[in-house]
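Asker: So I've got this file, final.cif, and it contains mmCIF, C-alpha atoms and all ligand atoms:
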data_start
#
loop_
_atom_site.label_atom_id
_atom_site.label_comp_id
_atom_site.auth_asym_id
_atom_site.auth_seq_id
_atom_site.Cartn_x
_atom_site.Cartn_y
_atom_site.Cartn_z
CA MET C 8 18.03 -13.49 0.94
CA ASN C 9 18.62 -10.96 3.67
CA LYS C 10 19.41 -12.92 6.82
CA SER C 11 17.84 -10.59 9.36
CA ARG C 12 14.61 -10.63 7.40
CA LEU C 13 14.66 -14.40 7.37
CA VAL C 14 14.95 -14.44 11.15
CA LYS C 15 12.09 -11.98 11.40
CA VAL C 16 9.94 -14.15 9.19
CA ARG C 17 10.82 -17.18 11.27
CA ASN C 18 9.92 -15.46 14.49
CA LEU C 19 6.58 -14.36 13.16
CA THR C 20 5.75 -17.62 11.43
CA ILE C 21 3.15 -15.91 9.32
CA ILE C 22 1.82 -17.40 6.09
CA PRO C 23 3.20 -14.77 3.80
CA VAL C 24 2.00 -15.73 0.34
CA GLN C 25 3.96 -12.91 -1.21
CA ILE C 26 7.00 -13.67 0.87
CA MET C 27 6.71 -17.29 -0.13
CA LYS C 28 6.57 -16.27 -3.76
CA ASN C 29 9.09 -13.47 -3.69
CA GLN C 30 11.57 -14.51 -1.07
CA PHE C 31 11.79 -18.28 -1.26
CA HIS C 32 12.83 -20.16 -4.38
CA THR C 33 10.56 -23.08 -3.67
CA ARG C 34 7.63 -23.77 -1.40
CA ARG C 35 9.64 -26.60 0.13
CA GLU C 36 12.38 -24.13 1.05
CA PHE C 37 9.83 -21.84 2.73
CA LEU C 38 8.23 -24.69 4.67
CA LYS C 39 11.62 -25.96 5.82
CA THR C 40 12.39 -22.48 7.10
CA SER C 41 9.09 -21.98 8.85
CA THR C 42 9.38 -25.38 10.51
CA LEU C 43 12.21 -23.91 12.56
CA ALA C 44 9.96 -21.19 13.81
CA ALA C 45 9.30 -20.66 17.48
CA THR C 46 6.66 -18.25 18.64
CA SER C 47 4.88 -17.12 21.75
CA LEU C 48 1.64 -16.48 19.87
CA PRO C 49 -0.67 -19.47 19.80
CA PHE C 50 -2.76 -18.21 16.87
CA VAL C 51 0.40 -17.65 14.86
CA SER C 52 1.62 -21.16 15.69
CA ALA C 53 -1.62 -22.53 14.31
CA LEU C 54 -0.87 -20.77 11.06
CA ALA C 55 2.58 -22.29 10.87
CA ALA C 56 1.11 -25.75 11.42
CA ARG C 57 -1.29 -25.13 8.56
CA ALA C 58 1.54 -24.18 6.21
CA GLN C 59 3.23 -27.48 6.85
CA THR C 60 0.21 -29.71 6.37
CA ALA C 61 -1.78 -28.16 3.51
CA ALA C 62 -1.78 -29.85 0.13
CA PRO C 63 -0.45 -27.22 -2.29
CA GLU C 64 -1.90 -28.84 -5.42
CA LYS C 65 -5.53 -28.43 -4.25
CA LYS C 66 -7.15 -25.08 -5.04
CA LEU C 67 -10.58 -24.14 -3.76
CA GLY C 68 -13.05 -22.41 -6.07
CA PHE C 69 -14.10 -18.96 -4.85
CA ALA C 70 -17.25 -17.14 -6.00
CA LEU C 71 -17.39 -13.41 -5.30
CA ALA C 72 -20.78 -12.05 -4.20
CA GLY C 73 -20.89 -8.31 -5.02
CA LEU C 74 -18.68 -7.00 -7.80
CA GLY C 75 -18.06 -3.49 -6.48
CA SER C 76 -14.89 -1.64 -5.74
CA LEU C 77 -13.28 -4.10 -3.31
CA SER C 78 -13.96 -7.16 -5.47
CA THR C 79 -12.81 -5.39 -8.63
CA TYR C 80 -9.64 -3.69 -7.44
CA GLN C 81 -8.41 -5.89 -4.60
CA ILE C 82 -9.91 -9.35 -4.35
CA ALA C 83 -10.01 -10.43 -8.00
CA PRO C 84 -6.41 -9.26 -8.59
CA ALA C 85 -5.32 -11.04 -5.37
CA LEU C 86 -6.76 -14.43 -6.32
CA PRO C 87 -4.05 -15.33 -8.89
CA LYS C 88 -1.43 -14.57 -6.20
CA THR C 89 -2.83 -17.25 -3.90
CA HIS C 90 -1.66 -20.86 -3.65
CA PHE C 91 -4.91 -22.49 -2.61
CA CYS C 92 -7.68 -20.43 -4.25
CA LYS C 93 -9.01 -19.66 -7.72
CA LEU C 94 -11.84 -17.49 -9.01
CA THR C 95 -14.49 -19.83 -10.37
CA GLY C 96 -17.79 -17.96 -9.97
CA ILE C 97 -19.59 -14.67 -9.44
CA ILE C 98 -22.86 -13.55 -7.87
CA THR C 99 -24.13 -10.20 -9.11
CA GLY C 100 -27.38 -8.36 -9.65
CA THR C 101 -26.00 -6.45 -12.65
CA PRO C 102 -26.02 -8.36 -15.97
CA ALA C 103 -23.52 -5.95 -17.58
CA LYS C 104 -20.99 -6.73 -14.82
CA ALA C 105 -21.59 -10.44 -15.29
CA GLU C 106 -20.67 -10.06 -18.98
CA ARG C 107 -17.53 -8.06 -18.17
CA TRP C 108 -16.30 -10.47 -15.52
CA LYS C 109 -17.17 -13.49 -17.64
CA ALA C 110 -14.95 -12.17 -20.44
CA GLN C 111 -12.14 -10.93 -18.19
CA TYR C 112 -11.86 -13.98 -15.95
CA ASN C 113 -13.10 -16.71 -18.25
CA ILE C 114 -16.02 -17.61 -15.99
CA PRO C 115 -18.45 -20.11 -17.54
CA ASP C 116 -22.17 -19.21 -17.65
CA LYS C 117 -22.99 -22.09 -15.31
CA ASN C 118 -20.93 -20.39 -12.55
CA ILE C 119 -22.69 -17.02 -12.78
CA TYR C 120 -25.51 -16.37 -10.29
CA ASP C 121 -27.63 -13.51 -9.05
CA TYR C 122 -28.76 -12.85 -5.48
CA GLY C 123 -32.10 -14.53 -6.22
CA ASN C 124 -30.80 -17.91 -7.35
CA MET C 125 -27.88 -18.59 -5.02
CA GLU C 126 -29.49 -21.82 -3.83
CA LYS C 127 -28.68 -23.31 -7.24
CA MET C 128 -24.99 -23.26 -6.28
CA ALA C 129 -25.72 -26.40 -4.25
CA ASP C 130 -25.27 -28.42 -7.45
CA ASN C 131 -22.07 -26.71 -8.49
CA PRO C 132 -18.84 -28.44 -7.40
CA ASP C 133 -16.73 -25.65 -8.99
CA ILE C 134 -17.59 -23.38 -6.06
CA ASP C 135 -16.30 -24.22 -2.58
CA VAL C 136 -16.31 -20.76 -0.98
CA VAL C 137 -18.51 -17.69 -1.36
CA TYR C 138 -16.70 -14.44 -0.53
CA VAL C 139 -19.43 -11.97 0.52
CA VAL C 140 -18.42 -8.45 -0.57
CA THR C 141 -21.79 -6.70 -0.60
CA PRO C 142 -22.92 -3.76 1.62
CA ASN C 143 -22.79 -4.59 5.33
CA GLY C 144 -26.55 -4.89 5.81
CA LEU C 145 -26.77 -7.64 3.18
CA HIS C 146 -24.02 -9.87 4.58
CA ALA C 147 -26.40 -12.07 6.59
CA GLU C 148 -28.75 -12.64 3.66
CA HIS C 149 -25.91 -13.62 1.33
CA THR C 150 -23.99 -15.64 3.91
CA ILE C 151 -27.06 -17.65 4.90
CA LYS C 152 -27.95 -18.35 1.26
CA ALA C 153 -24.38 -19.50 0.55
CA ALA C 154 -24.28 -21.74 3.64
CA LYS C 155 -27.63 -23.29 2.72
CA ALA C 156 -26.17 -24.06 -0.71
CA GLY C 157 -23.38 -25.95 1.09
CA LYS C 158 -20.62 -23.36 0.60
CA HIS C 159 -18.05 -22.09 3.09
CA VAL C 160 -18.24 -18.32 3.61
CA LEU C 161 -15.63 -15.61 3.87
CA CYS C 162 -17.54 -12.44 4.76
CA GLU C 163 -16.22 -8.89 4.58
CA LYS C 164 -16.05 -6.66 7.64
CA PRO C 165 -18.05 -5.49 9.46
CA MET C 166 -19.71 -8.87 9.69
CA GLU C 167 -23.22 -7.33 9.69
CA VAL C 168 -25.11 -4.40 11.19
CA SER C 169 -26.19 -6.02 14.49
CA PRO C 170 -25.09 -8.80 16.83
CA GLU C 171 -28.38 -10.60 16.11
CA LYS C 172 -27.61 -10.80 12.39
CA CYS C 173 -24.10 -12.08 13.21
CA ARG C 174 -25.60 -14.84 15.37
CA GLN C 175 -27.91 -15.85 12.52
CA MET C 176 -24.90 -16.14 10.21
CA ILE C 177 -22.96 -18.23 12.73
CA ASP C 178 -25.95 -20.52 13.28
CA ALA C 179 -26.58 -20.95 9.55
CA CYS C 180 -22.97 -21.95 8.88
CA LYS C 181 -22.95 -24.30 11.88
CA SER C 182 -26.18 -25.99 10.77
CA ALA C 183 -24.78 -26.44 7.27
CA ASN C 184 -21.46 -27.67 8.71
CA ARG C 185 -19.63 -24.98 6.74
CA MET C 186 -16.83 -22.68 7.91
CA LEU C 187 -17.36 -18.95 8.37
CA ALA C 188 -14.57 -16.37 8.50
CA VAL C 189 -14.57 -12.57 8.57
CA GLY C 190 -12.31 -10.61 6.22
CA TYR C 191 -10.00 -9.21 8.87
CA ARG C 192 -7.01 -9.02 6.54
CA LEU C 193 -4.68 -7.37 9.06
CA HIS C 194 -4.56 -10.56 11.15
CA PHE C 195 -2.27 -11.83 8.39
CA GLU C 196 -0.14 -8.71 7.95
CA PRO C 197 3.47 -8.93 9.25
CA ASN C 198 3.73 -5.39 10.66
CA HIS C 199 0.60 -5.93 12.74
CA LEU C 200 1.82 -9.35 13.86
CA GLU C 201 5.15 -7.81 14.85
CA CYS C 202 3.36 -5.24 17.02
CA VAL C 203 1.31 -8.02 18.63
CA ARG C 204 4.61 -9.80 19.38
CA LEU C 205 6.17 -6.66 20.88
CA GLY C 206 3.21 -6.39 23.22
CA ARG C 207 2.96 -10.08 24.14
CA GLU C 208 6.68 -10.45 24.75
CA LYS C 209 6.70 -7.20 26.76
CA VAL C 210 9.66 -5.93 24.77
CA PHE C 211 8.96 -2.46 26.20
CA GLY C 212 7.43 -3.74 29.44
CA ASN C 213 3.76 -3.61 30.31
CA MET C 214 1.48 -1.80 27.88
CA ASN C 215 -0.43 1.14 29.36
CA LEU C 216 -2.13 3.12 26.62
CA ILE C 217 -3.13 2.27 23.05
CA GLN C 218 -4.08 5.11 20.72
CA ALA C 219 -5.71 3.96 17.48
CA GLU C 220 -7.44 6.01 14.79
CA TYR C 221 -8.59 5.45 11.24
CA GLY C 222 -10.76 7.78 9.19
CA PHE C 223 -11.13 9.58 5.87
CA ARG C 224 -13.25 12.22 4.14
CA ILE C 225 -16.10 10.44 2.40
CA GLY C 226 -17.28 11.58 -1.06
CA ASP C 227 -20.55 10.77 -2.86
CA PRO C 228 -23.43 11.62 -0.50
CA LYS C 229 -25.66 9.03 -2.21
CA GLN C 230 -23.53 5.96 -1.45
CA TRP C 231 -24.75 3.09 0.71
CA ARG C 232 -22.14 3.85 3.39
CA LEU C 233 -24.25 6.86 4.42
CA ASN C 234 -27.47 4.82 4.55
CA ARG C 235 -27.89 3.25 7.96
CA ALA C 236 -30.03 0.34 6.74
CA LEU C 237 -27.18 -0.86 4.53
CA SER C 238 -24.17 0.34 6.56
CA GLY C 239 -25.34 -0.14 10.15
CA GLY C 240 -23.63 3.13 11.11
CA GLY C 241 -20.99 5.59 9.98
CA PRO C 242 -17.20 5.52 10.04
CA LEU C 243 -17.15 3.33 13.15
CA MET C 244 -18.70 0.42 11.25
CA ASP C 245 -16.65 1.08 8.13
CA VAL C 246 -13.09 1.90 9.26
CA GLY C 247 -13.23 2.62 13.00
CA ILE C 248 -13.58 -1.15 13.31
CA TYR C 249 -9.88 -1.39 12.37
CA ALA C 250 -8.93 0.79 15.33
CA LEU C 251 -11.17 -1.31 17.59
CA GLN C 252 -9.62 -4.50 16.24
CA ALA C 253 -6.11 -3.10 16.80
CA ALA C 254 -6.94 -2.22 20.41
CA ARG C 255 -8.22 -5.77 20.96
CA TYR C 256 -5.40 -7.72 19.34
CA LEU C 257 -2.65 -5.45 20.63
CA SER C 258 -3.91 -5.67 24.22
CA GLY C 259 -4.74 -9.37 23.82
CA GLU C 260 -7.77 -8.77 26.04
CA GLU C 261 -11.47 -8.04 25.76
CA PRO C 262 -12.59 -4.58 26.97
CA VAL C 263 -14.66 -4.38 30.15
CA SER C 264 -16.20 -0.93 29.60
CA VAL C 265 -16.52 1.82 27.02
CA SER C 266 -17.28 5.55 26.93
CA ALA C 267 -17.71 7.64 23.77
CA ILE C 268 -18.59 10.97 22.16
CA ALA C 269 -19.86 11.54 18.63
CA THR C 270 -20.17 14.68 16.52
CA ASN C 271 -22.23 15.62 13.51
CA ASN C 272 -21.28 18.94 11.93
CA ASP C 273 -23.02 18.21 8.61
CA PRO C 274 -26.49 16.96 9.56
CA VAL C 275 -27.59 16.91 5.90
CA LYS C 276 -24.88 14.61 4.61
CA PHE C 277 -24.75 12.61 7.84
CA LYS C 278 -28.45 12.62 8.66
CA ASP C 279 -28.49 8.87 9.19
CA ILE C 280 -25.12 8.17 10.80
CA GLU C 281 -22.37 9.69 12.93
CA GLU C 282 -19.81 11.90 11.22
CA SER C 283 -16.98 11.35 13.73
CA ILE C 284 -16.78 9.34 16.93
CA ALA C 285 -14.14 8.94 19.63
CA TRP C 286 -14.23 6.19 22.21
CA GLN C 287 -12.26 4.85 25.15
CA LEU C 288 -11.96 1.23 26.15
CA LYS C 289 -10.85 -0.10 29.51
CA PHE C 290 -9.18 -3.51 29.53
CA PRO C 291 -9.08 -5.83 32.56
CA GLY C 292 -5.27 -5.80 32.81
CA GLY C 293 -5.21 -2.01 33.19
CA ILE C 294 -4.63 -0.93 29.58
CA ILE C 295 -6.68 1.99 28.29
CA ALA C 296 -7.40 2.44 24.58
CA SER C 297 -8.26 5.82 23.12
CA CYS C 298 -9.67 5.46 19.61
CA GLY C 299 -11.31 7.57 16.95
CA THR C 300 -12.74 7.58 13.46
CA THR C 301 -14.27 10.06 11.04
CA TYR C 302 -15.85 10.56 7.62
CA ASN C 303 -14.86 14.22 7.68
CA PHE C 304 -11.10 14.43 7.20
CA SER C 305 -8.35 12.33 5.71
CA GLY C 306 -4.95 11.30 7.00
CA LEU C 307 -6.07 9.63 10.22
CA ASP C 308 -4.40 6.22 9.94
CA ARG C 309 -2.25 5.02 12.83
CA PHE C 310 -1.84 3.39 16.20
CA ARG C 311 0.75 3.82 18.93
CA VAL C 312 1.22 1.64 21.99
CA PHE C 313 2.78 3.26 25.09
CA ALA C 314 4.47 0.80 27.44
CA ASP C 315 6.59 1.13 30.61
CA ARG C 316 9.90 1.57 28.78
CA GLY C 317 8.95 2.96 25.38
CA TRP C 318 6.47 2.86 22.53
CA PHE C 319 5.84 1.25 19.16
CA GLU C 320 3.53 2.28 16.35
CA LEU C 321 2.29 1.83 12.81
CA ALA C 322 1.59 4.98 10.79
CA PRO C 323 0.12 4.55 8.28
CA ALA C 324 -1.34 1.42 9.76
CA TYR C 325 -4.38 0.03 8.00
CA GLY C 326 -4.19 0.46 4.21
CA TYR C 327 -3.51 -2.20 1.61
CA GLY C 328 0.17 -1.25 1.46
CA GLY C 329 2.73 1.26 2.69
CA ILE C 330 2.34 0.30 6.36
CA GLN C 331 5.21 1.82 8.33
CA GLY C 332 6.38 0.78 11.78
CA ARG C 333 8.48 2.64 14.35
CA ARG C 334 9.82 1.87 17.82
CA SER C 335 11.05 4.31 20.46
CA ASP C 336 14.44 2.53 20.46
CA GLY C 337 14.78 2.95 16.68
CA LYS C 338 15.04 -0.82 16.08
CA TRP C 339 12.10 -1.34 13.73
CA THR C 340 12.83 -3.73 10.83
CA SER C 341 10.78 -3.37 7.66
CA PHE C 342 8.85 -6.23 6.09
CA PRO C 343 8.49 -6.90 2.39
CA PRO C 344 5.16 -5.87 0.85
CA MET C 345 2.54 -8.59 0.63
CA ASP C 346 -1.05 -8.90 -0.57
CA HIS C 347 -3.38 -8.87 2.44
CA PHE C 348 -6.27 -10.42 0.55
CA ALA C 349 -4.19 -13.22 -0.94
CA ALA C 350 -2.89 -14.08 2.54
CA GLU C 351 -6.38 -13.95 4.08
CA MET C 352 -7.92 -16.14 1.36
CA ASP C 353 -5.05 -18.63 1.40
CA ASP C 354 -5.35 -18.95 5.15
CA PHE C 355 -9.09 -19.61 4.95
CA ALA C 356 -8.57 -22.16 2.16
CA GLN C 357 -5.98 -23.96 4.28
CA CYS C 358 -8.34 -24.00 7.25
CA ILE C 359 -10.95 -25.68 5.07
CA LEU C 360 -8.53 -28.10 3.41
CA ASN C 361 -7.01 -29.15 6.73
CA ASN C 362 -10.18 -28.93 8.79
CA GLN C 363 -8.61 -26.44 11.18
CA PRO C 364 -10.23 -23.45 12.87
CA THR C 365 -9.79 -19.98 11.42
CA LYS C 366 -8.39 -17.30 13.71
CA VAL C 367 -11.01 -14.87 12.33
CA PRO C 368 -14.27 -16.82 12.84
CA GLY C 369 -17.78 -15.40 12.88
CA GLU C 370 -17.53 -15.17 16.67
CA GLU C 371 -14.74 -12.59 16.23
CA GLY C 372 -16.99 -10.48 14.01
CA LEU C 373 -19.80 -10.82 16.55
CA ARG C 374 -17.52 -9.55 19.36
CA ASP C 375 -16.78 -6.39 17.38
CA LEU C 376 -20.47 -5.81 16.65
CA LYS C 377 -21.34 -6.08 20.34
CA ILE C 378 -18.63 -3.58 21.27
CA MET C 379 -19.61 -1.18 18.47
CA MET C 380 -23.23 -1.23 19.63
CA ALA C 381 -21.97 -0.38 23.14
CA ILE C 382 -19.87 2.47 21.69
CA TYR C 383 -22.99 3.92 20.05
CA GLU C 384 -24.96 3.48 23.26
CA ALA C 385 -22.22 5.24 25.24
CA ALA C 386 -22.14 8.16 22.78
CA GLN C 387 -25.92 8.49 22.84
CA SER C 388 -26.37 8.19 26.61
CA GLY C 389 -23.20 9.93 27.73
CA LYS C 390 -22.69 7.03 30.12
CA THR C 391 -19.92 4.50 30.51
CA ILE C 392 -21.26 1.16 29.28
CA SER C 393 -20.17 -2.06 30.92
CA LEU C 394 -19.20 -4.88 28.59
CA THR C 395 -19.02 -7.62 31.18
P1 LIG C 401 -19.15 -1.11 -3.28
O1 LIG C 401 -20.29 -0.18 -3.13
O2 LIG C 401 -18.03 -0.70 -4.18
O3 LIG C 401 -19.65 -2.55 -3.79
C1 LIG C 401 -20.79 -3.16 -3.26
C2 LIG C 401 -21.35 -4.15 -4.26
O4 LIG C 401 -22.56 -4.68 -3.74
C3 LIG C 401 -21.68 -3.48 -5.61
O5 LIG C 401 -21.27 -4.31 -6.66
C4 LIG C 401 -23.20 -3.40 -5.60
O6 LIG C 401 -23.76 -3.49 -6.90
C5 LIG C 401 -23.56 -4.63 -4.76
N1 LIG C 401 -24.89 -4.54 -4.18
C6 LIG C 401 -25.74 -5.57 -4.10
N2 LIG C 401 -26.90 -5.19 -3.55
C7 LIG C 401 -26.78 -3.89 -3.28
C8 LIG C 401 -27.67 -2.93 -2.70
N3 LIG C 401 -28.90 -3.25 -2.31
N4 LIG C 401 -27.21 -1.67 -2.56
C9 LIG C 401 -25.96 -1.33 -2.93
N5 LIG C 401 -25.09 -2.20 -3.48
C10 LIG C 401 -25.50 -3.47 -3.67
O7 LIG C 401 -18.62 -1.41 -1.83
P2 LIG C 401 -17.21 -2.02 -1.43
O8 LIG C 401 -16.29 -0.91 -1.09
O9 LIG C 401 -16.76 -3.00 -2.42
O10 LIG C 401 -17.57 -2.72 -0.03
C11 LIG C 401 -18.21 -4.00 0.02
C12 LIG C 401 -17.96 -4.64 1.37
O11 LIG C 401 -16.55 -4.79 1.55
C13 LIG C 401 -18.43 -3.82 2.58
O12 LIG C 401 -18.89 -4.69 3.58
C14 LIG C 401 -17.17 -3.11 3.06
O13 LIG C 401 -17.19 -2.79 4.42
C15 LIG C 401 -16.12 -4.14 2.75
N6 LIG C 401 -14.80 -3.54 2.49
C16 LIG C 401 -13.72 -4.10 3.11
C17 LIG C 401 -12.45 -3.58 2.86
C18 LIG C 401 -11.24 -4.24 3.48
O14 LIG C 401 -10.17 -3.65 3.45
N7 LIG C 401 -11.37 -5.45 4.00
C19 LIG C 401 -12.30 -2.47 2.04
C20 LIG C 401 -13.43 -1.94 1.41
C21 LIG C 401 -14.68 -2.48 1.66
#
Could I get this file's structure written as structure tokens?
Answerer:
Amino acid sequence: MNKSRLVKVRNLTIIPVQIMKNQFHTRREFLKTSTLAATSLPFVSALAARAQTAAPEKKLGFALAGLGSLSTYQIAPALPKTHFCKLTGIITGTPAKAERWKAQYNIPDKNIYDYGNMEKMADNPDIDVVYVVTPNGLHAEHTIKAAKAGKHVLCEKPMEVSPEKCRQMIDACKSANRMLAVGYRLHFEPNHLECVRLGREKVFGNMNLIQAEYGFRIGDPKQWRLNRALSGGGPLMDVGIYALQAARYLSGEEPVSVSAIATNNDPVKFKDIEESIAWQLKFPGGIIASCGTTYNFSGLDRFRVFADRGWFELAPAYGYGGIQGRRSDGKWTSFPPMDHFAAEMDDFAQCILNNQPTKVPGEEGLRDLKIMMAIYEAAQSGKTISLT
């Protein structure tokens, strides 16, 4: 194995399922290596601790709620790449999909549910976790049903369409004594973790400005993403949330105020939601973030952090693969590709197995919802909104 890469992996102490599989001959060899790790990031240390204590032979049963594009093309293919998870059930409102998935993944009839009978999962020991992958405005309903059935919940981003719904989800999981995590896959991605390290260790001095943007041109005008009741908003809720997340984890702080402007050049297609929105965040330590998102053009996929003595960036930054880093001193080292969803699910499974907190809890999803509501308020009112 390439020695410099090994050092990089040690420094990051991530739980790289793919790296474990591809780069280390045995799990024992990986764990021995990661034991040597030293890091300045507390949340990353917690991950390393999990890797050393989890029981590799135990796999948790995952049921996917919502068998759309993300479940079909990303999550189901990622499950066999995990160490601690297996696909054991599905929840779908479409009988034809149930038949297809049953045949493809060998799912027994007793593990197939629809949205109306999720409470019956309470009697099913094959299912430990429900992964909620339905439209945003249904996340609370499906999360609460899963928690009441005694299942842990991994919920896709954005957590819901309002802070109130997020609170209901948190409360339901607390009452049921079940864990709740949000599908923020980039918290497990080595390029993002490296940028967090560059900021925290002040490799280029104090950070001053973060620019972060993610957007694309949306197709089908009939899809739920353009329907506010199901989406909660436009590109901000869908992909702008990645830019917001980046600003928060790169700065390591919570914003104190926000200003924003939105545009809508196609009021027919975007009658319900914003078409594009740009926003600025002020952080207490003096960092400013300038962020943007759109449903009207493609190729917007990056962040750059400007610090006292240079800059670092990812471009593209947020997709499932092909993430590319750069530093102003030319010293960026590439990381091997890995499956974001496998890493995210394995981390959640280890949290459950070892009774340890997730670094992407419901409270993290709630924080984003509160800020996104303030971004909309700022765009609508033209005023700077305080977040303190
Ligand atoms: P999709 O439209 O492809 O799938 C949604 C699924 O929900 C479909 O199977 C649909 O049948 C089902 N559904 C149940 N009730 C529905 C209703 N009333 N209206 C419409 N659909 C209904 O969407 P997707 O792209 O798979 O997104 C699902 C979730 O995953 C969203 O919350 C989205 O934000 C999130 N997502 C996350 C990522 C990521 O990178 N983490 C990427 C894409 C989507």
Asker: If you count all atoms listed in the file, which residues fall within 12 Å of Asn184 of chain C, apart from same-chain ones fewer than 4 positions away, as a list in words?
Answerer: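 Residues meeting the cut-off are Ala153, Ala154, Lys155, Ala156, Gly157, Lys158, His159, Val160, Ile177, Asp178, Ala179, Cys180, Ile359 and Asn362 of chain C.
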Asker: Using all atoms listed in the file, which residues have at least one atom no more than 9 Å from ligand LIG 401 (chain C)? Output them as a count of residues only.
Answerer: 46
Asker: For Ser305 of chain C, find every residue with an atom within 9 Å (counting only C-alpha atoms), except residues of its own chain fewer than 4 positions away, and show them as a PyMOL selection string.
Answerer: chain C and resi 221-225+301
Asker: Between C:Asn361, C:Thr150, C:Ser182, C:Asn198, which residue has the minimum interatomic distance to Met345 of chain C, considering all atoms listed in the file?
Answerer: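 Nearest candidate to Met345 of chain C out of C:Asn361, C:Thr150, C:Ser182, C:Asn198: C:Asn198.
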Asker: Given the point (-8.6, 3.5, 29.7) in the coordinates of this file, which residues lie within 12 Å, counting only C-alpha atoms, and how would they look as an mmCIF file with C-alpha atoms, keeping the file's coordinate frame?
Answerer:
data_model
loop_
_atom_site.group_PDB
_atom_site.id
_atom_site.type_symbol
_atom_site.label_atom_id
_atom_site.label_comp_id
_atom_site.auth_asym_id
_atom_site.auth_seq_id
_atom_site.Cartn_x
_atom_site.Cartn_y
_atom_site.Cartn_z
ATOM 1 C CA MET C 214 1.480 -1.800 27.880
ATOM 2 C CA ASN C 215 -0.430 1.140 29.360
ATOM 3 C CA LEU C 216 -2.130 3.120 26.620
ATOM 4 C CA ILE C 217 -3.130 2.270 23.050
ATOM 5 C CA GLN C 218 -4.080 5.110 20.720
ATOM 6 C CA ALA C 254 -6.940 -2.220 20.410
ATOM 7 C CA SER C 258 -3.910 -5.670 24.220
ATOM 8 C CA PRO C 262 -12.590 -4.580 26.970
ATOM 9 C CA VAL C 263 -14.660 -4.380 30.150
ATOM 10 C CA SER C 264 -16.200 -0.930 29.600
ATOM 11 C CA VAL C 265 -16.520 1.820 27.020
ATOM 12 C CA SER C 266 -17.280 5.550 26.930
ATOM 13 C CA ALA C 267 -17.710 7.640 23.770
ATOM 14 C CA TRP C 286 -14.230 6.190 22.210
ATOM 15 C CA GLN C 287 -12.260 4.850 25.150
ATOM 16 C CA LEU C 288 -11.960 1.230 26.150
ATOM 17 C CA LYS C 289 -10.850 -0.100 29.510
ATOM 18 C CA PHE C 290 -9.180 -3.510 29.530
ATOM 19 C CA PRO C 291 -9.080 -5.830 32.560
ATOM 20 C CA GLY C 292 -5.270 -5.800 32.810
ATOM 21 C CA GLY C 293 -5.210 -2.010 33.190
ATOM 22 C CA ILE C 294 -4.630 -0.930 29.580
ATOM 23 C CA ILE C 295 -6.680 1.990 28.290
ATOM 24 C CA ALA C 296 -7.400 2.440 24.580
ATOM 25 C CA SER C 297 -8.260 5.820 23.120
ATOM 26 C CA CYS C 298 -9.670 5.460 19.610
ATOM 27 C CA THR C 391 -19.920 4.500 30.510
#
Asker: Please write as number ranges by chain the list of polymer residues whose atoms come within 12 Å of (5.5, -5.4, 31.6), counting all atoms listed in the file and keeping to the coordinates of the file.
Answerer: C: 205-215, 258, 292-294, 313-317
Asker: Restricting it to C-alpha atoms, dump the selection as a CSV table (one decimal), in the frame of the given file.
Answerer:
chain,number,residue,atom,x,y,z
C,205,LEU,CA,6.2,-6.7,20.9
C,206,GLY,CA,3.2,-6.4,23.2
C,207,ARG,CA,3.0,-10.1,24.1
C,208,GLU,CA,6.7,-10.4,24.8
C,209,LYS,CA,6.7,-7.2,26.8
C,210,VAL,CA,9.7,-5.9,24.8
C,211,PHE,CA,9.0,-2.5,26.2
C,212,GLY,CA,7.4,-3.7,29.4
C,213,ASN,CA,3.8,-3.6,30.3
C,214,MET,CA,1.5,-1.8,27.9
C,215,ASN,CA,-0.4,1.1,29.4
C,258,SER,CA,-3.9,-5.7,24.2
C,292,GLY,CA,-5.3,-5.8,32.8
C,293,GLY,CA,-5.2,-2.0,33.2
C,294,ILE,CA,-4.6,-0.9,29.6
C,313,PHE,CA,2.8,3.3,25.1
C,314,ALA,CA,4.5,0.8,27.4
C,315,ASP,CA,6.6,1.1,30.6
C,316,ARG,CA,9.9,1.6,28.8
C,317,GLY,CA,9.0,3.0,25.4
Asker: Work out how far atom CA of Ile284 of chain C is from atom CA of Gly247 of chain C, in Å to one decimal.
Answerer: 8.6 Å
Asker: Just the number, please: distance in Å from atom CA of Asp346 of chain C to atom CA of His194 of chain C, one decimal.
Answerer: 12.3 Å
Asker: Can you measure atom CA of Leu200 of chain C to atom CA of Gly332 of chain C for me? One decimal in Å is fine.
Answerer: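 About the pair atom CA of Leu200 of chain C and atom CA of Gly332 of chain C: they are 11.3 Å apart.
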Asker: Using all atoms listed in the file for the distances, tell me which of C:Gly372, C:Gly299, C:Gly240, C:Leu257 is nearest to Phe319 of chain C.
Answerer: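 Among the listed residues, C:Leu257 lies closest to Phe319 of chain C.
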Asker: Return as AutoDock Vina command-line options the centre and edge lengths, in Å with one decimal, of the box along x, y and z that encloses every atom of segment 338-355 of chain C in the file, padded by 5 Å per side.
Answerer:
--center_x 3.0 --center_y -10.2 --center_z 7.6 --size_x 34.1 --size_y 28.8 --size_z 27.0
Asker: When you count all atoms listed in the file, which of these residues is closest to Phe91 of chain C: C:Glu320, C:Glu196, C:Asp135, C:Glu106?
Answerer: C:Asp135
Asker: In terms of the shortest atom-to-atom distance over all atoms listed in the file, which of C:Glu171, C:Lys152, C:Phe277, C:Ile82 is closest to Lys127 of chain C?
Answerer: C:Lys152
Asker: Ranking C:Leu243, C:Ile280, C:Ile382, C:Ala250 by minimum distance to Asp308 of chain C and counting all atoms listed in the file, which one comes first?
Answerer: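 Result for the nearest residue to Asp308 of chain C: C:Ala250.
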